[in-house]
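Asks: Please read through the structure below; I'll follow up with questions.
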Amino acid sequence: MTETLGLLIGGFFLLVVGGELLVRGAVQAAERLGVSPLVIGLTLVGFGTSMPELVTSVQAGLAGSPGIAYGNIVGSNIANILLIGGVSALICPIIVAEAALRRDAALMLGVALVFAVLSALLPMGRLLGAVFAIALAAYIAIVIRQERATGVQGAIHDKSAALLQADPGLGRPSLRQPLFLPLLLALAGLVLVVLGGALLVSGAVALARASGIGETVIGLTIVAVGTSLPELVTSVIAAVRRQGDVAFGNIVGSNIYNILGIGGTTALIAPGAVPDEIVTIDAPLMVGVSAVLVIFAATGRRVSRREGLVLLAGYGGYLWLLWP
C-alpha cells in the first residue's frame with residue numbers, strides 16, 4: 001500500500017509540475033514566434049490546467065483501463081462544479097458574466113448531454129473522437145473571432161486568466177532569450193507530464209486491485225480530484241481575490257475542454273466503450289449538476305454562498321454514495 005500511495009502522490013506531483021513547465025515553455029516559445037496574446041491565452045494557456053486530465057485519460061485508455069480514463073473525465077467535471085464551484089462560492093459569491101452564461105455555460109450543458117447520450121448508444125470510437133476534437137477547435141475559433149470583433153470575454157478567456165493569476169510569470173515571457181530555451185522547457189514539461197500520468201494510472205490500478213474497489217470509482221474520485229487540483233487552485237485564488245467571474249469561467253471552460261478535448265483525444269488514441277456504471281449513473285449526474293450550475297448562475301447572475309454550500313454538500317453526498 002505504501003508503494004501504491006507513492007505512485008499516486010508522485011504521479012500527481014509530476015503532472016502538476018510538468019504541466020506548469022509545459023505551458024510556460026509553450027507560451028514563451030509562442031511569444032517569441034509572434035503569436036498574438038489572445039490566441040495564446042485561448043489555446044496554450046487555456047489548455048494548461050487540463051493537461052493532467054488529458055495525459056491521465058489517454059494513458060489509462062492505452063493501458064486498458066476505461067474506468068479510469070472516462071471516470072477521470074466525468075468525475076473531473078462533477079468535481080469542478082460541486083467541489084470547486086462550491087468552495088469558490090463559499091469564499092466569494094461567484095459573479096456570472098453574460099457571455100459566459102449565454103454562450104459558454106449553455107455549451108457546457110449541451111456537450112455534457114451529448115456525451116451522456118452518445119456514450120449510452122455508441123462506443124467512443126475514433127470517428128466520434130474526431131468530431132469532438134473538431135467541435136472544440138471550431139468553438140475556440142468562434143470565440144477568438146467574437147472576442148476580436150466585440151471585445152466580450154467568456155469562459156475560455158477566464159480559464160486562461162485564472163491560470164495567469166495563479167502563475168503571473170506566464171504572462172511575462174522574456175523576448176531576449178533564445179528560442180531553444182522555452183522549447184527545451186516545454187519538452188521537459190511534456191516528459192514529466194507523461195511520466196506523471198503513467199505513475200498515476202499505475203497507482204490507481206494497483207489501488208483498485210488492492211482495495212477491491214472498482215477502477216471506475218477510483219477514476220471518478222481520487223484520480224478526478226487529483227487531476228483537477230490545478231483548477232481548484234486557480235479558482236480558489238480567483239475567489240480569494242474577489243474575482244468570482246473568473247472562477248466561474250474557469251469551471252465552465254475546463255468542463256468544455258474535458259468533454260470535447262480530453263474525451264475526443266482519448267477516443268482518437270485509445271477508442272473503447274464507456275463503462276456501464278458511468279453511462280447509467282455518473283454521466284447523467286454530470287448533466288444534472290451542470291444544469292444545476294446553469295440554473296444557479298441564471299438566477300441573479302451569481303452563485304451565492306448558500307448555493308455554494310448546496311454544491312459542496314452535493315459532492316459530499318456523491319462521494320458517500322460511491323464509496324462502499
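Residues are referred to by chain and number: the chain letter is A, B, ... according to the order shown in the C-alpha cells, the number counts from 1 in that chain, and ligands are numbered separately from 1 in the order shown.
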Residues near A:Val96, anyone? I mean within 10 Å using only C-alpha atoms, not counting same-chain ones fewer than 4 positions away, as a PyMOL selection string.
Replies: chain A and resi 100-101+105+154-155+244-249+294+296-303
Asks: Could you state the separation of atom CA of A:Phe132 and atom CA of A:Leu21 in Å, given to one decimal place?
Replies: 26.9 Å
Asks: One decimal, Å: what's the distance from atom CA of A:Glu215 over to atom CA of A:Val233, could you say?
Replies: 25.9 Å
Asks: Could you check how far atom CA of A:Leu113 sits from atom CA of A:Ile68, in Å to one decimal?
Replies: 20.4 Å
Asks: When you look at A:Pro52 with a cut-off of 8 Å (counting only C-alpha atoms), what residues show up, excluding the ones that are within fewer than 3 positions of it in the same chain? I need them as an MDAnalysis selection string.
Replies: chainID A and resid 15:16 19 49 55:56 193 197 227:228
Asks: May I have the selected residues written with C-alpha atoms, as a PDB file, in the first residue's frame?
Replies:
ATOM      1  CA  LEU A  15       1.585  16.069 -13.544  1.00  0.00           C
ATOM      2  CA  VAL A  16       1.250  19.453 -11.849  1.00  0.00           C
ATOM      3  CA  GLY A  19       2.032  20.792 -16.806  1.00  0.00           C
ATOM      4  CA  THR A  49      -4.768  23.288 -16.426  1.00  0.00           C
ATOM      5  CA  VAL A  55      -2.454  12.731 -20.232  1.00  0.00           C
ATOM      6  CA  THR A  56      -4.021  10.597 -17.497  1.00  0.00           C
ATOM      7  CA  VAL A 193       3.597  15.039 -17.592  1.00  0.00           C
ATOM      8  CA  GLY A 197       0.405  10.179 -15.948  1.00  0.00           C
ATOM      9  CA  THR A 227      -6.052  15.885 -11.808  1.00  0.00           C
ATOM     10  CA  SER A 228      -8.465  18.751 -11.034  1.00  0.00           C
TER      11      SER A 228
END
Asks: Could you name the residues that touch A:Gly308 at 7 Å or less, counting only C-alpha atoms, but leaving out those on the same chain fewer than 6 positions away, as a list in words?
Replies: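 My reading of the contact set: Gly85, Gly86, Val87, Ala89 and Leu90 of chain A.
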Asks: Show which residues sit within 12 Å of A:Asp276, as number ranges by chain. Count only C-alpha atoms, and ignore same-chain residues fewer than 5 positions away.
Replies: A: 66-67, 70-71, 116, 119-123, 216, 281-284
Asks: Give me the residues near stretch 218-224 of chain A as a ChimeraX atom specification, where near means some atom within 9 Å (using only C-alpha atoms) and where sequence neighbours in that chain fewer than 3 positions away do not count.
Replies: /A:8,12,53,56,67-79,200-201,204-205,207-208,213-215,227-229,278,282,319,322
Asks: Can you check which residues of stretch 69-298 of chain A DSSP gives as alpha helix (DSSP H) on the backbone and send them as a PyMOL selection string?
Replies: chain A and resi 69-79+85-91+98-99+106-121+126-150+155-166+180-211+215-218+224-227+229-240+244-256+263-269+276-277+283-298
Asks: Near stretch 259-273 of chain A, within 6 Å and counting only C-alpha atoms, which residues show up once chain neighbours fewer than 4 positions away are dropped, as an MDAnalysis selection string?
Replies: chainID A and resid 54 58 61:62 123:126 129 132:133 136
